[in-house]
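Asker: Dumping the structure here so I can ask a few things about it.
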Amino acid sequence: MASLAAMFGAGRVATFMGLPRCHDLAAVEGGVVILGAAGCTPYPSVGFYCAGAPEAIRAAGAAYAANLTHVDFDLGGPMLPEGVRAVDAGDLPVREEDAEGNRKLIAGAVRHIRARGAVPVLLGGDDSVPIPLIEALGASAGASGRKLTVLQIDAHIDWRDEVSGERWGLSSTMRRASEMAHVERIVQVGQRGIGSARVADFNDAKAWGVGFVPAGEVARAGVWRAVDLIPEGADVVICLDVDALDPSVMPAVIGRTAGGLSYWQVLELVGAVAEKARIVGFDMVEFMPERDIDGLGAMVAAQLLAGVVGVIARQG
């Protein structure tokens with residue numbers, strides 16, 4: 001069967017879109033570093049249920065491996081502008097039975113990437129993966145003491161204090177972020193339907209000062225109030241749970257919910273934030289390969305990842 005990859009001249013590649021492979025984070029010199037993590041702090045009921053996500057997203061991007069210098073019309077030019085480097089560092093050796101070790105491993109890698117002047121782009125894995133990312137970005141700020149704005153794009157708010165005694169799992173990501181001294185602001189975009197949040201969780205988030213922009217508001221009025229909530233010149237980490245996207249374009253999630261964001265709304269939001277502030281970290285989580293339909297979700301994830309990398313690369 002003919003394939004897009006063969007038509008474009010791409011062969012088999014092991015990295016995202018054929019980017020150079022980074023075998024040693026100590027060799028990183030600025031730019032963007034893509035890093036995979038199959039999971040972090042699993043709930044026993046589901047384990048590492050998104051473990052194959054980094055591999056699936058890389059595979060979907062392989063069709064364009066021969067075309068990195070071609071025009072990406074989502075960006076108005078090649079994915080990487082001249083002089084900007086992006087590498088793929090592969091996957092971290094996380095283990096389902098060692099949640100604490102996983103958190104230390106992810107945080108250590110993020111600190112190392114930031115120390116080398118690069119932006120970490122983390123592919124999960126479930127939504128517990130961003131917790132050590134957010135934590136490490138505080139440590140990487142060092143003596144500057146710069147505070148962090150968290151922009152979460154997600155169908156759910158992740159403000160549970162614990163689930164079955166586990167406080168570091170996927171339903172507690174923003175609650176844990178709110179407890180970190182370096183997190184100054186949290187903006188959450190894309191909520192819809194019924195999730196794990198109870199009324200008390202939602203009230204706690206509002207009391208803390210979260211700025212919520214539900215998916216229904218985005219559908220009616222666009223992403224601009226969310227952009228307005230991001231401070232000018234802020235350091236921003238963007239945490240994208242792919243179930244923020246509508247299941248018509250992203251079926252590969254554990255909980256499909258109608259009324260999600262479009263591809264363009266997500267990319268428009270990321271681009272607008274980069275024009276106003278500085279993206280210092282990004283994660284894409286909750287992609288579940290077993291739930292995909294004809295590779296549609298993986299294709300959307302790969303195209304969106306290419307767009308985000310291109311946006312970050314254009315920050316200067």
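Labels used: A, B, ... for chains in the order of the structure tokens, numbers from 1 for residues in each chain, and numbers from 1 for ligands as shown.
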How close does each residue of range 212-307 of chain A get to range 24-36 of chain A, giving the shortest atom pair and distance in Å to one decimal for every residue with an atom at most 10 Å away, counting only C-alpha atoms, sorted by chain and residue number, as CSV?
Answerer:
```
residue,atom,partner,partner_atom,distance
A:Val280,CA,A:Val32,CA,9.9
A:Gly281,CA,A:Val32,CA,9.4
A:Phe282,CA,A:Ile34,CA,9.5
A:Asp283,CA,A:Leu35,CA,9.4
A:Met284,CA,A:Gly36,CA,9.7
A:Val285,CA,A:Gly36,CA,10.0
A:Leu305,CA,A:Ile34,CA,9.9
```
Asker: List the neighbours of Gly169 in chain A out to 8 Å using only C-alpha atoms; skip same-chain residues closer than 5 positions along the sequence, and give me the result as a short mmCIF file (atom, residue, chain, number, x, y, z; two decimals) with C-alpha atoms, in the first residue's frame.
Answerer:
```cif
data_model
loop_
_atom_site.label_atom_id
_atom_site.label_comp_id
_atom_site.auth_asym_id
_atom_site.auth_seq_id
_atom_site.Cartn_x
_atom_site.Cartn_y
_atom_site.Cartn_z
CA THR A 41 2.62 7.96 39.32
CA PRO A 42 0.03 5.39 38.21
CA TYR A 43 -3.18 4.44 39.92
CA ASP A 127 -1.47 13.35 33.52
CA SER A 128 0.74 12.64 36.54
CA GLU A 162 -6.05 12.29 46.56
CA VAL A 163 -7.59 9.26 44.87
#
```
Asker: Pick the closest to Pro44 in chain A from A:Met250, A:Ile157, A:Ala99, A:Val223: which is it, counting only C-alpha atoms?
Answerer: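 Looking at the shortest contact to Pro44 in chain A, the residue is A:Ala99.
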Asker: Using only C-alpha atoms, pick whichever of A:Val308, A:Ala258, A:Ala272, A:Ile194 has the shortest atom-to-atom distance to Leu229 in chain A.
Answerer: A:Ala272
Asker: Can you list, as a ChimeraX atom specification, every protein, DNA or RNA residue that comes within 12 Å of Cys239 in chain A when you count only C-alpha atoms, leaving out same-chain residues fewer than 5 positions away?
Answerer: /A:120-124,126-134,149-158,173-174,177,186-190,244,266,270,279-286,308
Asker: Please identify all polymer residues within 7 Å of Ala62 in chain A, counting only C-alpha atoms, omitting same-chain residues fewer than 5 positions from it, and present them as a compact mmCIF listing (two decimals) with C-alpha atoms, in the first residue's frame.
Answerer:
```txt
# COMPACT_ATOMS: atom_id res chain seq x y z
CA ALA A 5 6.02 8.73 4.01
CA VAL A 13 13.06 6.96 11.77
CA PHE A 16 10.10 12.67 16.10
CA MET A 17 10.04 13.79 12.44
CA GLY A 18 13.60 12.53 12.05
```
Asker: Give me, as a PyMOL selection string, the residues of range 49-154 of chain A that a backbone DSSP run labels alpha helix (DSSP H).
Answerer: chain A and resi 53-61+99-115+130-140
Asker: Mind checking which residues fall within 6 Å of Gly297 in chain A, counting only C-alpha atoms, ignoring those fewer than 3 positions away in the same chain, and posting them as a compact mmCIF listing (two decimals) with N, CA and C atoms, in the first residue's frame?
Answerer:
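Once written, out-v2.txt looks like this:
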```txt
# COMPACT_ATOMS: atom_id res chain seq x y z
N MET A 250 -9.71 13.82 18.12
CA MET A 250 -8.81 13.15 19.06
C MET A 250 -9.59 12.06 19.81
N PRO A 251 -9.78 10.90 19.15
CA PRO A 251 -10.50 9.81 19.81
C PRO A 251 -9.64 9.01 20.78
N ALA A 252 -8.32 9.22 20.76
CA ALA A 252 -7.39 8.35 21.50
C ALA A 252 -7.21 8.78 22.94
N ASP A 292 -7.25 4.85 19.73
CA ASP A 292 -7.20 5.61 18.49
C ASP A 292 -8.04 4.93 17.40
N VAL A 300 -3.10 13.90 14.52
CA VAL A 300 -3.39 15.22 15.07
C VAL A 300 -2.36 15.59 16.14
```
Asker: Ranking A:Gly233, A:Pro289, A:Gly39, A:Gly138 by minimum distance to Leu170 in chain A and counting only C-alpha atoms, which one comes first?
Answerer: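 Counting only C-alpha atoms, the residue closest to Leu170 in chain A is A:Gly39.
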Asker: Can you tell me how far CA of Arg256 in chain A sits from CA of Ala207 in chain A, in Å to one decimal?
Answerer: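 That distance, rounded to one decimal, is 28.6 Å.
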Asker: Quick one: residues within 10 Å of Val227 in chain A, only C-alpha atoms counted, chain neighbours fewer than 2 positions away excluded, as a tab-separated table (two decimals) with N, CA and C atoms, in the first residue's frame?
Answerer:
```
chain	number	residue	atom	x	y	z
A	151	LEU	N	-0.36	27.10	32.41
A	151	LEU	CA	-1.52	27.09	31.52
A	151	LEU	C	-1.86	25.64	31.25
A	187	VAL	N	-3.95	29.07	34.95
A	187	VAL	CA	-5.05	29.32	34.02
A	187	VAL	C	-5.42	27.98	33.42
A	222	GLY	N	-13.86	32.31	21.53
A	222	GLY	CA	-12.45	32.13	21.23
A	222	GLY	C	-11.58	32.02	22.46
A	223	VAL	N	-10.28	32.03	22.23
A	223	VAL	CA	-9.31	31.77	23.32
A	223	VAL	C	-8.83	33.05	23.99
A	224	TRP	N	-9.38	34.20	23.63
A	224	TRP	CA	-8.72	35.45	23.97
A	224	TRP	C	-8.80	35.83	25.43
A	225	ARG	N	-9.86	35.43	26.15
A	225	ARG	CA	-9.85	35.73	27.59
A	225	ARG	C	-8.76	34.93	28.28
A	229	LEU	N	-5.48	36.38	30.51
A	229	LEU	CA	-5.14	35.96	31.88
A	229	LEU	C	-3.65	35.64	32.05
A	230	ILE	N	-2.91	35.55	30.96
A	230	ILE	CA	-1.47	35.30	31.02
A	230	ILE	C	-0.75	36.63	31.17
A	231	PRO	N	0.07	36.81	32.21
A	231	PRO	CA	0.76	38.09	32.40
A	231	PRO	C	1.79	38.36	31.30
A	232	GLU	N	1.93	39.60	30.93
A	232	GLU	CA	2.93	40.00	29.95
A	232	GLU	C	4.33	39.63	30.45
A	268	GLU	N	-3.71	28.19	18.20
A	268	GLU	CA	-3.86	29.63	18.31
A	268	GLU	C	-3.56	30.10	19.72
A	269	LEU	N	-4.02	29.36	20.72
A	269	LEU	CA	-3.77	29.71	22.12
A	269	LEU	C	-2.28	29.64	22.43
A	270	VAL	N	-1.63	28.56	22.02
A	270	VAL	CA	-0.19	28.42	22.27
A	270	VAL	C	0.59	29.54	21.58
A	271	GLY	N	0.24	29.83	20.34
A	271	GLY	CA	0.93	30.89	19.61
A	271	GLY	C	0.75	32.26	20.24
A	272	ALA	N	-0.46	32.56	20.69
A	272	ALA	CA	-0.73	33.85	21.31
A	272	ALA	C	0.02	34.00	22.63
A	273	VAL	N	0.11	32.91	23.39
A	273	VAL	CA	0.86	32.95	24.65
A	273	VAL	C	2.33	33.22	24.38
A	274	ALA	N	2.89	32.58	23.34
A	274	ALA	CA	4.31	32.78	23.02
A	274	ALA	C	4.60	34.22	22.59
A	275	GLU	N	3.62	34.89	21.98
A	275	GLU	CA	3.81	36.28	21.59
A	275	GLU	C	3.79	37.22	22.79
A	276	LYS	N	3.08	36.82	23.84
A	276	LYS	CA	2.90	37.69	24.99
A	276	LYS	C	3.85	37.37	26.13
A	277	ALA	N	4.23	36.11	26.25
A	277	ALA	CA	5.04	35.65	27.38
A	277	ALA	C	6.14	34.74	26.84
```
Asker: How far is it from CA of Leu148 in chain A to CA of Ala181 in chain A, in Å with one decimal?
Answerer: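 Computing the Euclidean distance for CA of Leu148 in chain A and CA of Ala181 in chain A yields 9.3 Å.
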Asker: Contacts of Arg160 in chain A at 7 Å or less, counting only C-alpha atoms, minus same-chain residues fewer than 3 places along, as JSON, numbers by chain?
Answerer: {"A": [171, 172, 175, 197, 201]}
Asker: Taking into account only C-alpha atoms, which residue in the set A:Tyr263, A:Val249, A:Met79, A:Leu92 is nearest to Asp294 in chain A?
Answerer: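 The answer is A:Val249, which sits nearest to Asp294 in chain A.
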Asker: Pick from A:Trp159, A:Glu179, A:Ser262, A:Val236: nearest to Ala200 in chain A, with only C-alpha atoms counted?
Answerer: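 Of A:Trp159, A:Glu179, A:Ser262, A:Val236, the one nearest Ala200 in chain A, counting only C-alpha atoms, is A:Trp159.
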Asker: What does the distance between CA of Gly117 in chain A and CA of His182 in chain A come to in Å, to one decimal place?
Answerer: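 These two atoms are separated by 19.1 Å.
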Asker: Go through A:Ala37, A:Phe48, A:Gly193, A:Val210 and flag the residue nearest Glu97 in chain A, using only C-alpha atoms for the distances.
Answerer: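 Residue with the minimum atom-to-atom distance to Glu97 in chain A: A:Phe48.
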